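Data file: target_39.cif. Format and content: mmCIF, C-alpha atoms.
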data_structure
loop_
_atom_site.label_atom_id
_atom_site.label_comp_id
_atom_site.auth_asym_id
_atom_site.auth_seq_id
_atom_site.Cartn_x
_atom_site.Cartn_y
_atom_site.Cartn_z
CA MET A 11 54.18 127.95 90.81
CA ASP A 12 52.36 124.62 90.55
CA TYR A 13 53.65 121.47 88.86
CA ASP A 14 52.77 117.81 88.85
CA ILE A 15 56.35 116.83 89.69
CA ILE A 16 59.36 118.78 90.90
CA VAL A 17 62.84 117.31 90.61
CA ILE A 18 65.45 118.79 92.93
CA GLY A 19 68.83 118.38 91.23
CA GLY A 20 69.69 118.79 87.56
CA GLY A 21 72.36 116.11 87.23
CA ALA A 22 72.19 112.90 85.23
CA SER A 23 69.59 111.27 87.48
CA GLY A 24 67.50 114.41 87.83
CA MET A 25 67.36 115.12 84.10
CA THR A 26 66.50 111.49 83.36
CA ALA A 27 63.74 111.50 85.98
CA ALA A 28 62.32 114.68 84.47
CA ILE A 29 62.39 113.30 80.93
CA PHE A 30 60.61 110.06 81.75
CA ALA A 31 58.05 111.77 83.99
CA ALA A 32 57.30 114.33 81.29
CA ALA A 33 57.11 111.59 78.66
CA CYS A 34 54.28 110.12 80.72
CA GLY A 35 52.40 113.40 80.52
CA ALA A 36 53.37 115.11 83.78
CA ARG A 37 54.15 118.81 84.07
CA VAL A 38 57.70 118.80 85.41
CA CYS A 39 60.10 121.36 86.83
CA VAL A 40 63.80 120.77 87.56
CA ILE A 41 65.31 122.98 90.26
CA GLU A 42 69.11 123.26 90.11
CA HIS A 43 71.31 125.46 92.31
CA ASN A 44 74.07 125.76 89.68
CA ASP A 45 73.71 128.24 86.86
CA ARG A 46 73.05 125.34 84.47
CA VAL A 47 72.02 121.72 84.67
CA GLY A 48 74.47 118.86 84.10
CA ARG A 49 77.68 120.52 85.25
CA LYS A 50 79.08 117.36 86.87
CA LEU A 51 78.13 115.30 83.81
CA LEU A 52 80.57 117.34 81.74
CA SER A 53 83.53 116.10 83.79
CA THR A 54 82.70 112.39 83.77
CA GLY A 55 85.00 109.97 81.97
CA ASN A 56 87.66 112.70 81.67
CA GLY A 57 85.19 114.70 79.62
CA LYS A 58 84.27 111.75 77.39
CA CYS A 59 81.28 110.63 79.49
CA ASN A 60 81.46 106.88 80.09
CA LEU A 61 77.68 106.28 80.03
CA THR A 62 77.54 102.64 81.08
CA ASN A 63 79.41 99.36 80.92
CA ILE A 64 78.30 96.26 79.05
CA ASN A 65 79.90 94.07 81.74
CA ILE A 66 77.64 95.31 84.51
CA SER A 67 76.87 93.09 87.51
CA ARG A 68 75.79 93.27 91.15
CA GLU A 69 79.43 92.87 92.21
CA CYS A 70 80.23 96.23 90.60
CA TYR A 71 78.32 98.11 93.32
CA ASN A 72 78.57 98.78 97.05
CA SER A 73 75.85 99.55 99.58
CA SER A 74 75.50 99.08 103.31
CA SER A 75 71.89 97.98 102.78
CA GLU A 76 70.61 94.50 101.96
CA SER A 77 67.90 96.01 99.77
CA ASP A 78 67.64 94.75 96.19
CA PHE A 79 68.83 97.94 94.55
CA TYR A 80 70.30 95.97 91.65
CA GLY A 81 66.79 95.24 90.41
CA VAL A 82 66.66 98.91 89.36
CA ILE A 83 69.54 98.25 86.96
CA GLN A 84 68.17 94.92 85.76
CA ASN A 85 65.01 96.75 84.68
CA PHE A 86 67.06 99.23 82.64
CA THR A 87 70.01 97.37 81.21
CA PRO A 88 73.00 98.82 79.35
CA ASN A 89 71.28 97.90 76.07
CA ASP A 90 68.12 99.69 77.21
CA LEU A 91 70.17 102.77 78.02
CA ILE A 92 71.93 102.62 74.66
CA SER A 93 68.54 102.38 72.90
CA PHE A 94 67.14 105.29 74.88
CA MET A 95 70.15 107.45 74.08
CA ALA A 96 69.83 106.61 70.38
CA SER A 97 66.13 107.50 70.47
CA ILE A 98 66.98 111.05 71.55
CA GLY A 99 69.84 111.38 69.06
CA ILE A 100 72.82 110.32 71.17
CA TYR A 101 74.63 107.46 69.46
CA THR A 102 77.24 105.44 71.30
CA ARG A 103 80.37 103.38 70.77
CA ASN A 104 81.51 100.34 72.74
CA LYS A 105 85.19 100.34 73.67
CA SER A 106 85.95 96.97 75.29
CA GLY A 107 82.70 97.13 77.24
CA TYR A 108 82.98 100.82 78.15
CA VAL A 109 80.19 102.74 76.41
CA TYR A 110 80.77 106.36 75.35
CA PRO A 111 78.85 108.80 73.19
CA PHE A 112 80.03 108.41 69.60
CA SER A 113 81.48 111.92 69.73
CA GLU A 114 83.37 111.01 72.93
CA GLN A 115 82.27 114.38 74.29
CA ALA A 116 80.26 114.67 77.49
CA SER A 117 78.80 117.91 76.15
CA SER A 118 76.95 115.99 73.43
CA VAL A 119 75.17 113.90 76.08
CA LEU A 120 74.21 116.97 78.06
CA ASP A 121 73.00 118.75 74.92
CA GLY A 122 70.88 115.73 73.97
CA LEU A 123 69.28 115.44 77.41
CA ARG A 124 68.57 119.17 77.58
CA ALA A 125 67.05 119.13 74.10
CA GLU A 126 64.77 116.28 75.12
CA MET A 127 63.66 118.15 78.23
CA GLN A 128 62.84 121.15 76.07
CA ARG A 129 60.84 118.99 73.63
CA LEU A 130 58.85 117.63 76.55
CA CYS A 131 58.31 121.14 78.00
CA VAL A 132 60.26 120.49 81.20
CA THR A 133 60.87 123.75 83.07
CA GLU A 134 64.42 124.44 84.22
CA GLU A 135 64.88 126.70 87.24
CA VAL A 136 68.64 127.24 87.58
CA SER A 137 70.66 129.31 90.08
CA SER A 138 67.88 128.43 92.48
CA ARG A 139 68.87 127.02 95.87
CA VAL A 140 66.25 125.04 97.80
CA ARG A 141 65.90 126.20 101.38
CA SER A 142 63.29 123.73 102.58
CA CYS A 143 60.69 121.18 101.53
CA ARG A 144 57.61 119.95 103.31
CA LYS A 145 54.47 117.99 102.64
CA THR A 146 51.16 119.73 103.25
CA GLY A 147 48.14 117.49 102.71
CA ASP A 148 48.49 115.77 99.35
CA SER A 149 51.02 118.30 98.02
CA PHE A 150 54.63 119.29 98.56
CA GLU A 151 55.91 122.80 99.08
CA VAL A 152 59.42 123.61 97.89
CA ILE A 153 60.85 126.90 99.14
CA THR A 154 63.81 128.45 97.32
CA GLU A 155 65.58 131.73 97.99
CA SER A 156 63.13 133.58 95.75
CA CYS A 157 60.05 131.45 95.16
CA LYS A 158 57.60 128.88 96.52
CA TYR A 159 56.70 125.89 94.36
CA VAL A 160 53.89 123.39 94.86
CA CYS A 161 53.80 119.89 93.37
CA ARG A 162 51.97 116.59 93.71
CA SER A 163 55.14 114.45 93.77
CA LEU A 164 58.71 115.35 94.64
CA ILE A 165 61.89 113.66 93.40
CA LEU A 166 65.13 114.26 95.32
CA ALA A 167 68.10 113.81 92.98
CA ALA A 168 70.46 116.31 94.56
CA GLY A 169 73.70 114.36 94.32
CA SER A 170 76.29 113.73 97.01
CA LYS A 171 79.28 115.55 98.52
CA ALA A 172 81.79 114.40 95.87
CA ALA A 173 83.38 116.98 93.56
CA PRO A 174 81.93 120.07 95.29
CA LYS A 175 83.30 122.34 92.55
CA THR A 176 80.56 120.93 90.31
CA GLY A 177 77.90 121.88 92.85
CA SER A 178 77.68 118.63 94.85
CA ASP A 179 77.56 119.97 98.38
CA GLY A 180 75.54 117.34 100.25
CA SER A 181 72.55 119.66 100.69
CA GLY A 182 70.22 116.90 99.51
CA TYR A 183 71.01 114.88 102.62
CA LYS A 184 69.49 117.61 104.79
CA LEU A 185 66.31 117.59 102.71
CA ALA A 186 66.04 113.81 103.05
CA LYS A 187 66.61 113.99 106.82
CA ALA A 188 63.84 116.58 107.11
CA PHE A 189 61.46 113.92 105.75
CA GLY A 190 62.66 111.41 108.35
CA HIS A 191 65.18 109.48 106.26
CA GLU A 192 68.39 108.07 107.75
CA ILE A 193 71.74 108.99 106.18
CA VAL A 194 74.63 106.52 106.00
CA GLU A 195 77.73 108.62 106.62
CA ALA A 196 79.21 109.70 103.30
CA VAL A 197 82.87 108.94 102.55
CA PRO A 198 84.98 109.81 99.49
CA SER A 199 85.09 107.01 96.91
CA LEU A 200 86.91 106.59 93.60
CA VAL A 201 89.69 108.71 95.05
CA GLN A 202 93.44 108.62 95.75
CA LEU A 203 95.00 107.07 98.87
CA LYS A 204 97.41 108.85 101.19
CA CYS A 205 100.11 106.49 102.47
CA HIS A 206 102.86 106.50 105.07
CA GLY A 207 106.44 106.43 103.82
CA VAL A 208 109.22 108.78 102.75
CA LEU A 209 110.00 106.91 99.53
CA PHE A 210 106.96 108.28 97.69
CA LYS A 211 108.79 111.49 96.88
CA GLU A 212 111.24 109.36 94.85
CA LEU A 213 108.39 107.60 93.06
CA HIS A 214 106.35 110.70 92.24
CA GLY A 215 105.15 110.77 88.64
CA VAL A 216 105.66 107.06 87.85
CA ARG A 217 102.87 105.17 86.06
CA THR A 218 103.01 101.41 85.72
CA GLU A 219 100.83 98.33 85.30
CA ALA A 220 100.32 96.62 88.66
CA GLU A 221 98.00 94.45 90.69
CA LEU A 222 96.89 95.76 94.08
CA THR A 223 95.66 93.63 96.97
CA LEU A 224 93.86 95.30 99.88
CA THR A 225 94.16 93.43 103.19
CA ALA A 226 93.05 94.06 106.76
CA GLY A 227 93.36 91.91 109.85
CA GLY A 228 95.08 89.15 107.92
CA ARG A 229 92.27 88.78 105.37
CA THR A 230 92.16 89.73 101.69
CA VAL A 231 89.46 92.33 101.07
CA CYS A 232 89.79 92.77 97.30
CA ARG A 233 92.18 92.82 94.34
CA GLU A 234 92.40 95.28 91.47
CA ARG A 235 94.65 95.55 88.44
CA GLY A 236 95.39 98.43 86.12
CA GLU A 237 97.62 101.45 85.68
CA LEU A 238 98.99 102.52 89.05
CA GLN A 239 100.06 106.13 89.51
CA LEU A 240 102.60 106.91 92.22
CA THR A 241 102.47 110.35 93.81
CA ASP A 242 104.47 112.22 96.42
CA TYR A 243 101.77 111.46 99.02
CA GLY A 244 100.71 107.93 98.06
CA ILE A 245 98.98 106.06 95.24
CA SER A 246 96.43 106.88 92.57
CA GLY A 247 94.99 105.49 89.34
CA ILE A 248 91.91 103.44 88.51
CA PRO A 249 92.86 100.32 90.54
CA VAL A 250 93.38 102.57 93.58
CA PHE A 251 90.02 104.27 92.97
CA GLN A 252 88.30 100.89 92.91
CA LEU A 253 89.46 99.97 96.40
CA SER A 254 89.48 103.46 97.97
CA GLY A 255 85.94 103.36 99.37
CA ARG A 256 86.55 100.08 101.16
CA THR A 257 89.87 101.36 102.46
CA LYS A 258 88.19 104.43 103.94
CA ARG A 259 85.54 102.30 105.65
CA LEU A 260 88.25 100.09 107.15
CA LEU A 261 90.18 103.11 108.42
CA ASP A 262 87.04 104.65 109.92
CA ALA A 263 86.32 101.32 111.66
CA GLY A 264 89.71 101.47 113.36
CA GLU A 265 91.29 98.72 111.30
CA LYS A 266 94.76 98.94 109.78
CA PRO A 267 94.49 98.18 106.07
CA ALA A 268 97.49 97.58 103.84
CA VAL A 269 97.86 97.65 100.05
CA HIS A 270 100.27 95.14 98.54
CA ILE A 271 101.55 96.15 95.09
CA ASP A 272 102.63 93.53 92.57
CA PHE A 273 104.81 95.31 90.01
CA CYS A 274 105.06 92.19 87.80
CA PRO A 275 101.57 90.66 87.87
CA ASP A 276 102.13 88.60 84.70
CA TYR A 277 104.76 86.41 86.38
CA THR A 278 104.75 84.21 89.45
CA GLU A 279 107.35 84.83 92.11
CA THR A 280 109.15 81.64 91.06
CA GLU A 281 109.22 82.77 87.42
CA LEU A 282 110.43 86.22 88.43
CA ASN A 283 113.16 84.73 90.59
CA GLY A 284 114.46 82.78 87.60
CA MET A 285 114.30 85.85 85.37
CA LEU A 286 116.33 87.88 87.86
CA ARG A 287 118.98 85.18 88.13
CA SER A 288 119.31 85.20 84.35
CA MET A 289 119.39 89.01 84.13
CA PHE A 290 121.94 89.40 86.93
CA GLY A 291 124.03 86.57 85.57
CA HIS A 292 124.11 88.09 82.09
CA GLY A 293 125.11 91.54 83.35
CA LYS A 294 127.55 90.64 86.10
CA GLU A 295 129.45 93.91 85.74
CA SER A 296 126.29 96.03 85.65
CA GLY A 297 124.80 97.88 88.59
CA LEU A 298 121.52 96.62 90.02
CA THR A 299 119.45 99.54 88.74
CA ALA A 300 120.78 99.09 85.20
CA ALA A 301 120.18 95.34 85.35
CA LEU A 302 116.53 95.88 86.33
CA ALA A 303 115.95 98.54 83.65
CA GLY A 304 114.48 95.99 81.25
CA LEU A 305 111.88 94.99 83.82
CA LEU A 306 111.02 97.98 86.00
CA ASN A 307 110.87 101.75 85.85
CA LYS A 308 114.21 103.05 87.15
CA LYS A 309 112.60 104.92 90.03
CA ILE A 310 110.77 101.79 91.13
CA ALA A 311 113.93 99.71 90.74
CA ASN A 312 115.90 102.09 92.98
CA VAL A 313 113.24 102.01 95.68
CA ILE A 314 112.95 98.21 95.52
CA ILE A 315 116.72 97.89 95.92
CA LYS A 316 116.75 100.24 98.92
CA GLU A 317 113.80 98.42 100.51
CA CYS A 318 115.83 95.20 100.23
CA ALA A 319 118.69 96.89 102.12
CA LEU A 320 120.92 96.80 99.02
CA ARG A 321 122.94 99.54 97.31
CA PRO A 322 121.71 100.69 93.87
CA SER A 323 125.38 101.02 92.87
CA ALA A 324 126.16 97.40 93.84
CA LEU A 325 127.22 95.17 90.94
CA CYS A 326 125.15 92.15 89.97
CA LYS A 327 128.13 89.83 90.60
CA GLU A 328 127.97 90.86 94.27
CA ILE A 329 124.39 89.58 94.64
CA ASN A 330 123.81 86.10 96.00
CA ASP A 331 120.78 83.84 95.65
CA GLY A 332 119.26 85.02 98.92
CA MET A 333 119.42 88.63 97.81
CA ILE A 334 117.81 87.78 94.47
CA THR A 335 114.98 86.00 96.26
CA ARG A 336 114.51 89.07 98.45
CA VAL A 337 114.31 91.38 95.43
CA ALA A 338 111.81 89.11 93.66
CA SER A 339 109.64 88.96 96.76
CA LYS A 340 109.67 92.75 97.14
CA ILE A 341 108.74 93.29 93.48
CA LYS A 342 105.79 90.92 93.89
CA LYS A 343 104.69 92.35 97.23
CA PHE A 344 105.61 95.97 97.82
CA THR A 345 103.48 96.97 100.81
CA VAL A 346 102.19 100.48 101.46
CA THR A 347 100.11 101.62 104.44
CA PRO A 348 97.20 104.00 103.76
CA TYR A 349 96.26 106.40 106.52
CA ASP A 350 93.51 108.32 104.69
CA THR A 351 92.01 109.12 101.32
CA ASN A 352 92.05 112.45 99.58
CA GLY A 353 88.92 114.46 100.34
CA PHE A 354 85.54 114.94 98.69
CA GLU A 355 87.02 117.60 96.41
CA ASN A 356 89.06 114.87 94.67
CA ALA A 357 86.47 112.07 94.81
CA GLN A 358 84.41 111.09 91.79
CA VAL A 359 81.55 109.70 93.90
CA CYS A 360 80.63 109.05 97.53
CA GLY A 361 80.06 105.90 99.48
CA GLY A 362 77.06 106.24 101.78
CA GLY A 363 74.06 108.53 101.43
CA VAL A 364 70.31 108.09 101.95
CA ASP A 365 69.68 104.69 103.58
CA LEU A 366 67.99 102.34 101.11
CA ASP A 367 66.04 100.65 103.90
CA GLY A 368 63.71 103.64 103.90
CA ILE A 369 62.94 103.35 100.17
CA ASN A 370 60.81 101.00 98.09
CA MET A 371 63.43 99.92 95.55
CA SER A 372 60.82 98.71 93.07
CA THR A 373 59.47 102.26 92.71
CA MET A 374 62.14 104.56 94.31
CA GLU A 375 59.35 105.95 96.52
CA SER A 376 59.92 106.77 100.16
CA LEU A 377 58.50 104.30 102.67
CA LYS A 378 58.05 107.23 105.05
CA VAL A 379 56.41 109.90 102.88
CA LYS A 380 53.98 109.07 100.08
CA GLY A 381 54.78 110.87 96.84
CA LEU A 382 58.45 111.42 97.71
CA TYR A 383 60.98 109.72 95.43
CA PHE A 384 64.77 109.44 95.27
CA ALA A 385 67.32 108.95 92.49
CA GLY A 386 71.02 108.95 91.78
CA GLU A 387 74.16 109.49 93.77
CA MET A 388 72.51 110.84 96.91
CA LEU A 389 71.49 107.24 97.68
CA ASP A 390 73.70 104.73 99.48
CA VAL A 391 74.86 103.07 96.27
CA ASP A 392 78.27 103.56 94.67
CA GLY A 393 79.86 101.67 91.82
CA ARG A 394 83.21 100.92 90.29
CA CYS A 395 84.96 103.29 87.92
CA GLY A 396 83.93 102.59 84.33
CA GLY A 397 80.39 103.82 83.66
CA TYR A 398 78.69 102.05 86.56
CA ASN A 399 77.80 105.14 88.57
CA LEU A 400 76.32 106.96 85.61
CA HIS A 401 74.27 103.88 84.75
CA TRP A 402 72.88 103.87 88.30
CA ALA A 403 72.00 107.56 87.90
CA PHE A 404 70.15 106.96 84.63
CA ALA A 405 68.40 103.78 85.80
CA SER A 406 67.25 105.12 89.16
CA GLY A 407 66.22 108.45 87.60
CA ARG A 408 64.15 106.69 84.95
CA LEU A 409 62.34 104.55 87.52
CA ALA A 410 61.66 107.46 89.87
CA GLY A 411 60.30 109.58 87.02
CA ILE A 412 58.01 106.85 85.69
CA LYS A 413 56.64 105.83 89.08
CA ALA A 414 56.08 109.41 90.21
CA ALA A 415 54.11 110.07 87.01
CA GLU A 416 52.17 106.80 87.23
CA GLN A 417 50.31 108.04 90.28
CA MET A 418 48.79 110.82 88.20
CA ILE A 419 48.22 108.58 85.18
CA THR A 420 46.21 106.25 87.39
CA ALA A 421 44.35 109.06 89.13
CA ASP A 422 43.73 111.35 86.16
CA GLY A 423 43.77 109.02 83.18
CA ILE A 424 46.58 110.95 81.46
CA LYS A 425 48.00 109.22 78.38
CA PRO A 426 51.76 109.17 77.83
CA ARG A 427 52.92 111.77 75.34
CA ARG A 428 55.84 109.76 74.09
CA ILE A 429 57.06 106.19 74.44
CA TYR A 430 60.74 105.56 73.66
CA ALA A 431 60.45 101.78 73.58
CA GLU A 432 57.97 99.28 74.96
CA SER A 433 60.33 98.27 77.76
CA MET A 434 61.06 101.83 78.88
CA LEU A 435 57.65 103.12 79.94
#

Would you put the structure from the file into structure tokens?
Amino acid sequence: MDYDIIVIGGGASGMTAAIFAAACGARVCVIEHNDRVGRKLLSTGNGKCNLTNINISRECYNSSSESDFYGVIQNFTPNDLISFMASIGIYTRNKSGYVYPFSEQASSVLDGLRAEMQRLCVTEEVSSRVRSCRKTGDSFEVITESCKYVCRSLILAAGSKAAPKTGSDGSGYKLAKAFGHEIVEAVPSLVQLKCHGVLFKELHGVRTEAELTLTAGGRTVCRERGELQLTDYGISGIPVFQLSGRTKRLLDAGEKPAVHIDFCPDYTETELNGMLRSMFGHGKESGLTAALAGLLNKKIANVIIKECALRPSALCKEINDGMITRVASKIKKFTVTPYDTNGFENAQVCGGGVDLDGINMSTMESLKVKGLYFAGEMLDVDGRCGGYNLHWAFASGRLAGIKAAEQMITADGIKPRRIYAESML
């Protein structure tokens, strides 16, 4: 079966690449090893599909390369993505910078993308696992379990190793390596942290607002704030996800990172100290846990008291100024020691992937093999939680699709079938 362009991977980046390539006039086929395209898309944003974030910036992304990957996003901004989605019938709503489909259903995004592929006559080959790819002359051969495909340009958008239940198994890395590309070791990112300590069983199930500071070797690596979730094995929640990738890299490098939890981030330690003096003074006959009930979750209060070598049953009138200072300090800096992250099965994305130094980031074309392009999560780019990773998928997929098709437009004089907006094609 011959096509102008084959896209391996039917996720967000692969579907977007196919749409924009087909819009330029190319005959496109998407090969997906799941029984349908877009399976992982359905689980994003807790099923609501956080498409992008208005407050996007270079600082929202990580990569081990110095390549200017952010230019890909600058050429397809959140507003451009919103306009594109509207042009294919997917309207959006902005919730404090987080952009969702108006329906707040990931299925509506998938349905819209699939409908657009059908309108542009993109072929979908599902339940089709790619065994090998190679370039022969000016063409590529793609061998699946049951068929051989030939195309003029090939786009690898096969995802990462995160969330393998959705079909992300890392098989795309092997295809990239076969073409001579280097792979930065993949690690779980946007994932929970496993921590040392027996007190986590007491804290299991607690959710609370907190600020987290990741340190290593006496230096501050990053800070995150949001709803912290305490589990029987460690810590979870969006602020933990944001620093998990860096924590894993530190652990793998042999460093000893620590996470310092501030359970009262709205108050300074001095302010908190004064508040505790007032609270303990007012309830002299109360126990410490009861006195802290207006400030902290009871489970957290009990653990804080134990960590300060005090008895939860002790009365406030028994507590001196030194003890109060100790409690305030522990509330502001409760230190936990991560020893690992949860695995790829729990991760939303991966850190690492195909090394960007082997790719022309202005076109997404391989610097090693002409006509080979890359897009999406299989690349060494990962973003914060909040729509940033999906935006990278859409932006890189768009660019790969356009540039792959441009080769044929230049060579064959094909006119674009459809232009979404002047800035998009």

As a check of understanding, name the residues that the PyMOL selection byres ((chain A and resi 241-250) around 8) selects in the supplied structure, as a count of residues only. 29

Selection as JSON, numbers by chain: residues within 6 Å of (80.0, 114.0, 83.0), counting only C-alpha atoms: {"A": [50, 51, 52, 53, 54, 59, 116]}

Find the spatial neighbours of Lys145 of chain A, counting all atoms listed in the file, within a cut-off of 12 Å - ignore same-chain residues fewer than 6 positions away - and output them as JSON, numbers by chain. {"A": [151, 152, 153, 159, 160, 161, 162, 163, 164, 185, 188, 189, 190, 378, 379, 380, 381, 382]}

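Between Leu282 of chain A and the candidates A:Leu305, A:Ala168, A:Leu409, A:Ala263, the tightest atom-to-atom separation, counting all atoms listed in the file, involves A:Leu305.
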
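Residues within 12 Å of Gly332 of chain A, counting all atoms listed in the file and excluding same-chain residues fewer than 2 positions away, are A:Asn283, A:Leu286, A:Arg287, A:Cys318, A:Leu320, A:Glu328, A:Ile329, A:Asn330, A:Ile334, A:Thr335, A:Arg336, A:Val337, A:Ala338, A:Ser339.
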
Proximity to Glu134 of chain A - best of A:Ile369, A:Ala385, A:Cys274, A:Val47, only C-alpha atoms: A:Val47

The PyMOL selection byres ((chain A and resi 261) around 12) applied to the shown file, residues as a list in words: Val197, Leu203, Lys204, Thr225, Ala226, Gly227, Ser254, Gly255, Arg256, Thr257, Lys258, Arg259, Leu260, Asp262, Ala263, Gly264, Glu265, Lys266, Pro267, Ala268, Thr347, Pro348, Tyr349, Asp350 and Thr351 of chain A

Need the neighbours of (116.4, 100.0, 86.0): which residues are at most 8 Å away, counting only C-alpha atoms, as a PDB file with C-alpha atoms, keeping the file's coordinate frame?
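That gives us out03.pdb:
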ATOM      1  CA  LEU A 298     121.520  96.620  90.020  1.00  0.00           C
ATOM      2  CA  THR A 299     119.450  99.540  88.740  1.00  0.00           C
ATOM      3  CA  ALA A 300     120.780  99.090  85.200  1.00  0.00           C
ATOM      4  CA  ALA A 301     120.180  95.340  85.350  1.00  0.00           C
ATOM      5  CA  LEU A 302     116.530  95.880  86.330  1.00  0.00           C
ATOM      6  CA  ALA A 303     115.950  98.540  83.650  1.00  0.00           C
ATOM      7  CA  GLY A 304     114.480  95.990  81.250  1.00  0.00           C
ATOM      8  CA  LEU A 305     111.880  94.990  83.820  1.00  0.00           C
ATOM      9  CA  LEU A 306     111.020  97.980  86.000  1.00  0.00           C
ATOM     10  CA  ASN A 307     110.870 101.750  85.850  1.00  0.00           C
ATOM     11  CA  LYS A 308     114.210 103.050  87.150  1.00  0.00           C
ATOM     12  CA  LYS A 309     112.600 104.920  90.030  1.00  0.00           C
ATOM     13  CA  ILE A 310     110.770 101.790  91.130  1.00  0.00           C
ATOM     14  CA  ALA A 311     113.930  99.710  90.740  1.00  0.00           C
ATOM     15  CA  ASN A 312     115.900 102.090  92.980  1.00  0.00           C
TER      16      ASN A 312
END
